[in-house]
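Read the structure below first, then the notes.
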Amino acid sequence: MSKSISLDYFKKGGMNMAETKSLTWEEKIARIEQAPVEVQTMVAKAFIREDIPDENVQYTFNTDTIEELNDASEDSMVENINAEPQEGIGAGEFFIRNSKPSGNKNFIVRGSGGWNTCIKGYPMDPNANCLANCVGYASGRFNEIINEARGTTGCTYTTLNCNAENFIERAKAAGLKTGSTPRVGAIGCAMKGSTLNGGDGAGHVWIVEKVNSATSTYTSESGYGSTAFWNQTRTNNNGRWGLGSSYTFRAYIYLPDDVQKVVDGNIPSPEPTPQPGPVGKFNIGDKVVINGPLYVSSNASSPAGNVSNKITNITRRVDGSAHPYNTTGDLGWMDESSITKYVEPTPAPTPQPTGLQVGDRVKIVGTGNGSSYGDANTAYGIGWERQILQIYEGRPFPYRVGNAAGVTTGFYKANALQKL
């Protein structure tokens, strides 16, 4: 769909615009036409879905690159740009995300079988298709933290899928608290331009992964049209948490109180009732090969990393849990199906010495060949006394035999030589 979408398309029934929608069809067309050309079709599809209220449809996008987004005078310390999932994700209820999600339903849109209520990102990441987009990432990460803390699945806050700068109003309407002080897991929200209508910019949202101080945070972010994932240090020296002069910081959106306590480590996460499962296939201390998804807890709802063909040892086991095994270094919890017993390779047989060494004097008692490979004329010399000049291990006629001056008589097998 391009910017040539006409009102006639809707009037003629091209879209089923129900009377109960909160926007008129003229307003919907206006919003579709404000969207970048490459996502206008997705925005239009979102408007005709019954499970997405009109006001929840994101239609403006911040296309600033990382450099354009940030204040050049601030030391942003951007890192882990589009970093692939790393080996090991720890074993707690909260982990700092420093790699791009992959195969994680919190970052896959509902139309593709995931839980994320945002539209697909651009350029679209095949393993996390709400990226690249700050809205899709912040919504997905916020719900990922909630799911891990509560041991739940799905999307808890489905309305955090609008234009970035309007997150504050959606969050308050959903009962979430906001404030100016950073907290771990919070969504940072900034407005671009002087209005909140998207006409002068869509704003930006990000996630606080770590609070270094009252004026310094470590974040995870995404950007529509540019970068699917990155981490950076955001300081508040300019009052905008490191953003450029066209931005205004609005507020932080905080996690629900029960989740915040888990994230901050004040109380343990409630453990879901374990489901009966296989017991005892692997024991603590077993040497194993692990291959598959890693989870931050033994009952986590979705994976947070992956590992491939790693030899390690079982160090922890929770019988009856969804992901009952952990390994050396708290690499992450794993399914039993992702683990196989390590089998020590059979050592190669050690070649048995023949007793013949370079320099040995020998008597030739059988025929040989003019080549160590056996592809030349027959070598004779039976009864002659000579010495071993060289040994070619693994060849058919490995022993080069000759006189003391180094003149070769021929190449022989061990059974054609008698040591003197």
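All residue names refer to the structure tokens as shown: chains lettered A, B, ... in order, residues numbered from 1 in each chain, ligands numbered from 1 in order.
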Check region 134-287 of chain A with DSSP on the backbone and list each residue it calls strand (DSSP E or B), as a PDB file with N, CA and C atoms, in the first residue's frame.
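Dumped to states_3.pdb:
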ATOM      1  N   THR A 178       4.060   5.908  37.088  1.00  0.00           N
ATOM      2  CA  THR A 178       5.132   6.588  36.359  1.00  0.00           C
ATOM      3  C   THR A 178       5.882   7.510  37.313  1.00  0.00           C
ATOM      4  N   GLY A 179       7.079   7.927  36.903  1.00  0.00           N
ATOM      5  CA  GLY A 179       7.861   8.830  37.720  1.00  0.00           C
ATOM      6  C   GLY A 179       9.119   9.263  37.001  1.00  0.00           C
ATOM      7  N   ILE A 187      10.275   1.459  31.580  1.00  0.00           N
ATOM      8  CA  ILE A 187      10.307   1.986  30.225  1.00  0.00           C
ATOM      9  C   ILE A 187      10.572   3.486  30.304  1.00  0.00           C
ATOM     10  N   GLY A 188      11.634   3.934  29.636  1.00  0.00           N
ATOM     11  CA  GLY A 188      11.867   5.366  29.500  1.00  0.00           C
ATOM     12  C   GLY A 188      11.089   5.885  28.309  1.00  0.00           C
ATOM     13  N   CYS A 189      10.464   7.060  28.441  1.00  0.00           N
ATOM     14  CA  CYS A 189       9.607   7.601  27.370  1.00  0.00           C
ATOM     15  C   CYS A 189       9.976   9.057  27.099  1.00  0.00           C
ATOM     16  N   ALA A 190      10.179   9.378  25.823  1.00  0.00           N
ATOM     17  CA  ALA A 190      10.513  10.748  25.435  1.00  0.00           C
ATOM     18  C   ALA A 190       9.642  11.180  24.266  1.00  0.00           C
ATOM     19  N   MET A 191       9.316  12.444  24.247  1.00  0.00           N
ATOM     20  CA  MET A 191       8.540  13.059  23.159  1.00  0.00           C
ATOM     21  C   MET A 191       9.509  13.691  22.176  1.00  0.00           C
ATOM     22  N   LYS A 192       9.163  13.644  20.892  1.00  0.00           N
ATOM     23  CA  LYS A 192       9.949  14.370  19.905  1.00  0.00           C
ATOM     24  C   LYS A 192       9.115  15.527  19.375  1.00  0.00           C
ATOM     25  N   HIS A 204      10.469   8.311  21.439  1.00  0.00           N
ATOM     26  CA  HIS A 204      11.338   7.139  21.618  1.00  0.00           C
ATOM     27  C   HIS A 204      11.059   6.515  22.982  1.00  0.00           C
ATOM     28  N   VAL A 205      11.130   5.172  23.044  1.00  0.00           N
ATOM     29  CA  VAL A 205      11.015   4.435  24.307  1.00  0.00           C
ATOM     30  C   VAL A 205      12.166   3.446  24.406  1.00  0.00           C
ATOM     31  N   TRP A 206      12.552   3.137  25.631  1.00  0.00           N
ATOM     32  CA  TRP A 206      13.664   2.211  25.875  1.00  0.00           C
ATOM     33  C   TRP A 206      13.455   1.534  27.226  1.00  0.00           C
ATOM     34  N   ILE A 207      14.291   0.544  27.527  1.00  0.00           N
ATOM     35  CA  ILE A 207      14.184  -0.198  28.786  1.00  0.00           C
ATOM     36  C   ILE A 207      15.425   0.038  29.645  1.00  0.00           C
ATOM     37  N   VAL A 208      15.224   0.276  30.929  1.00  0.00           N
ATOM     38  CA  VAL A 208      16.323   0.398  31.883  1.00  0.00           C
ATOM     39  C   VAL A 208      16.723  -1.002  32.342  1.00  0.00           C
ATOM     40  N   GLU A 209      17.924  -1.421  32.017  1.00  0.00           N
ATOM     41  CA  GLU A 209      18.420  -2.734  32.428  1.00  0.00           C
ATOM     42  C   GLU A 209      19.183  -2.680  33.751  1.00  0.00           C
ATOM     43  N   LYS A 210      19.791  -1.515  34.031  1.00  0.00           N
ATOM     44  CA  LYS A 210      20.571  -1.365  35.260  1.00  0.00           C
ATOM     45  C   LYS A 210      20.604   0.107  35.632  1.00  0.00           C
ATOM     46  N   VAL A 211      20.491   0.394  36.924  1.00  0.00           N
ATOM     47  CA  VAL A 211      20.605   1.764  37.418  1.00  0.00           C
ATOM     48  C   VAL A 211      21.980   1.929  38.035  1.00  0.00           C
ATOM     49  N   ASN A 212      22.826   2.729  37.387  1.00  0.00           N
ATOM     50  CA  ASN A 212      24.174   2.964  37.917  1.00  0.00           C
ATOM     51  C   ASN A 212      24.165   3.995  39.035  1.00  0.00           C
ATOM     52  N   SER A 213      23.320   5.003  38.863  1.00  0.00           N
ATOM     53  CA  SER A 213      23.165   6.069  39.854  1.00  0.00           C
ATOM     54  C   SER A 213      21.892   6.821  39.518  1.00  0.00           C
ATOM     55  N   SER A 216      22.521   7.997  35.945  1.00  0.00           N
ATOM     56  CA  SER A 216      23.154   7.128  34.951  1.00  0.00           C
ATOM     57  C   SER A 216      22.468   5.769  34.914  1.00  0.00           C
ATOM     58  N   THR A 217      22.115   5.320  33.718  1.00  0.00           N
ATOM     59  CA  THR A 217      21.453   4.021  33.553  1.00  0.00           C
ATOM     60  C   THR A 217      22.098   3.255  32.396  1.00  0.00           C
ATOM     61  N   TYR A 218      21.924   1.937  32.424  1.00  0.00           N
ATOM     62  CA  TYR A 218      22.341   1.067  31.316  1.00  0.00           C
ATOM     63  C   TYR A 218      21.062   0.547  30.681  1.00  0.00           C
ATOM     64  N   THR A 219      20.905   0.724  29.368  1.00  0.00           N
ATOM     65  CA  THR A 219      19.619   0.477  28.719  1.00  0.00           C
ATOM     66  C   THR A 219      19.727  -0.566  27.609  1.00  0.00           C
ATOM     67  N   SER A 220      18.567  -1.058  27.179  1.00  0.00           N
ATOM     68  CA  SER A 220      18.461  -1.841  25.947  1.00  0.00           C
ATOM     69  C   SER A 220      17.417  -1.158  25.079  1.00  0.00           C
ATOM     70  N   GLU A 221      17.684  -1.107  23.749  1.00  0.00           N
ATOM     71  CA  GLU A 221      16.850  -0.293  22.872  1.00  0.00           C
ATOM     72  C   GLU A 221      16.767  -0.877  21.464  1.00  0.00           C
ATOM     73  N   SER A 222      15.860  -0.335  20.677  1.00  0.00           N
ATOM     74  CA  SER A 222      15.725  -0.669  19.264  1.00  0.00           C
ATOM     75  C   SER A 222      15.297   0.602  18.539  1.00  0.00           C
ATOM     76  N   GLY A 223      15.518   0.643  17.223  1.00  0.00           N
ATOM     77  CA  GLY A 223      15.150   1.831  16.462  1.00  0.00           C
ATOM     78  C   GLY A 223      14.549   1.482  15.120  1.00  0.00           C
ATOM     79  N   THR A 227      18.240   0.047  13.550  1.00  0.00           N
ATOM     80  CA  THR A 227      18.951  -0.988  14.303  1.00  0.00           C
ATOM     81  C   THR A 227      17.979  -1.776  15.174  1.00  0.00           C
ATOM     82  N   ALA A 228      18.051  -3.106  15.093  1.00  0.00           N
ATOM     83  CA  ALA A 228      17.122  -3.965  15.829  1.00  0.00           C
ATOM     84  C   ALA A 228      17.391  -3.975  17.321  1.00  0.00           C
ATOM     85  N   PHE A 229      18.659  -3.858  17.717  1.00  0.00           N
ATOM     86  CA  PHE A 229      18.978  -3.965  19.148  1.00  0.00           C
ATOM     87  C   PHE A 229      20.307  -3.282  19.433  1.00  0.00           C
ATOM     88  N   TRP A 230      20.350  -2.639  20.613  1.00  0.00           N
ATOM     89  CA  TRP A 230      21.640  -2.186  21.149  1.00  0.00           C
ATOM     90  C   TRP A 230      21.487  -1.912  22.639  1.00  0.00           C
ATOM     91  N   ASN A 231      22.632  -1.845  23.323  1.00  0.00           N
ATOM     92  CA  ASN A 231      22.706  -1.380  24.710  1.00  0.00           C
ATOM     93  C   ASN A 231      23.461  -0.060  24.722  1.00  0.00           C
ATOM     94  N   GLN A 232      23.166   0.761  25.713  1.00  0.00           N
ATOM     95  CA  GLN A 232      23.973   1.960  25.888  1.00  0.00           C
ATOM     96  C   GLN A 232      23.840   2.485  27.302  1.00  0.00           C
ATOM     97  N   THR A 233      24.786   3.316  27.683  1.00  0.00           N
ATOM     98  CA  THR A 233      24.715   4.016  28.959  1.00  0.00           C
ATOM     99  C   THR A 233      24.072   5.373  28.715  1.00  0.00           C
ATOM    100  N   ARG A 234      22.971   5.643  29.414  1.00  0.00           N
ATOM    101  CA  ARG A 234      22.284   6.933  29.283  1.00  0.00           C
ATOM    102  C   ARG A 234      22.500   7.730  30.565  1.00  0.00           C
ATOM    103  N   THR A 235      23.091   8.901  30.422  1.00  0.00           N
ATOM    104  CA  THR A 235      23.254   9.812  31.563  1.00  0.00           C
ATOM    105  C   THR A 235      22.313  10.995  31.397  1.00  0.00           C
ATOM    106  N   LEU A 243      19.392  12.066  25.155  1.00  0.00           N
ATOM    107  CA  LEU A 243      18.763  12.235  23.844  1.00  0.00           C
ATOM    108  C   LEU A 243      19.099  13.590  23.247  1.00  0.00           C
ATOM    109  N   TYR A 247      14.315  16.192  21.450  1.00  0.00           N
ATOM    110  CA  TYR A 247      13.534  15.335  22.340  1.00  0.00           C
ATOM    111  C   TYR A 247      13.305  15.998  23.696  1.00  0.00           C
ATOM    112  N   THR A 248      12.201  15.593  24.335  1.00  0.00           N
ATOM    113  CA  THR A 248      11.893  16.001  25.713  1.00  0.00           C
ATOM    114  C   THR A 248      11.580  14.743  26.505  1.00  0.00           C
ATOM    115  N   PHE A 249      12.305  14.532  27.584  1.00  0.00           N
ATOM    116  CA  PHE A 249      12.019  13.364  28.422  1.00  0.00           C
ATOM    117  C   PHE A 249      10.692  13.558  29.130  1.00  0.00           C
ATOM    118  N   ARG A 250       9.820  12.520  29.107  1.00  0.00           N
ATOM    119  CA  ARG A 250       8.510  12.622  29.740  1.00  0.00           C
ATOM    120  C   ARG A 250       8.518  11.955  31.123  1.00  0.00           C
ATOM    121  N   ALA A 251       8.789  10.658  31.162  1.00  0.00           N
ATOM    122  CA  ALA A 251       8.744   9.949  32.451  1.00  0.00           C
ATOM    123  C   ALA A 251       9.202   8.503  32.246  1.00  0.00           C
ATOM    124  N   TYR A 252       9.374   7.823  33.371  1.00  0.00           N
ATOM    125  CA  TYR A 252       9.598   6.379  33.361  1.00  0.00           C
ATOM    126  C   TYR A 252       8.280   5.678  33.701  1.00  0.00           C
ATOM    127  N   ILE A 253       8.038   4.565  33.048  1.00  0.00           N
ATOM    128  CA  ILE A 253       6.872   3.727  33.343  1.00  0.00           C
ATOM    129  C   ILE A 253       7.378   2.534  34.149  1.00  0.00           C
ATOM    130  N   LYS A 287      28.653 -35.732  33.112  1.00  0.00           N
ATOM    131  CA  LYS A 287      29.236 -34.998  31.998  1.00  0.00           C
ATOM    132  C   LYS A 287      28.301 -35.148  30.808  1.00  0.00           C
TER     133      LYS A 287
END
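The residue that comes closest to Glu68 (chain A), out of A:Ala46, A:Ser245, A:Ala304, A:Thr315 and on the basis of only C-alpha atoms, is A:Ser245.
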Compile the contact shell of Gly140 (chain A) as number ranges by chain: residues with an atom at most 9 Å away, counting only C-alpha atoms, same-chain residues fewer than 4 positions apart removed.
-> A: 105-108, 115-118, 130, 135-136, 144-145, 155
Export of prior selection with C-alpha atoms as an mmCIF file, in the first residue's frame:
data_model
loop_
_atom_site.group_PDB
_atom_site.id
_atom_site.type_symbol
_atom_site.label_atom_id
_atom_site.label_comp_id
_atom_site.auth_asym_id
_atom_site.auth_seq_id
_atom_site.Cartn_x
_atom_site.Cartn_y
_atom_site.Cartn_z
ATOM 1 C CA LYS A 105 7.420 -15.027 21.740
ATOM 2 C CA ASN A 106 7.550 -11.737 23.649
ATOM 3 C CA PHE A 107 9.190 -10.280 20.529
ATOM 4 C CA ILE A 108 7.104 -12.093 17.884
ATOM 5 C CA TRP A 115 2.504 -12.577 22.108
ATOM 6 C CA ASN A 116 3.588 -9.087 21.002
ATOM 7 C CA THR A 117 0.654 -6.777 20.090
ATOM 8 C CA CYS A 118 2.731 -4.316 18.045
ATOM 9 C CA CYS A 130 8.518 -6.797 16.064
ATOM 10 C CA VAL A 135 7.817 0.406 20.432
ATOM 11 C CA GLY A 136 7.845 -3.314 19.633
ATOM 12 C CA GLU A 144 9.206 -10.439 29.098
ATOM 13 C CA ILE A 145 10.360 -9.197 32.506
ATOM 14 C CA CYS A 155 1.214 -10.188 26.878
#
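If you measure from each of A:Ile52, A:Gly111, A:Ser73, A:Lys120 to Val39 (chain A) using only C-alpha atoms, the closest one turns out to be A:Lys120.
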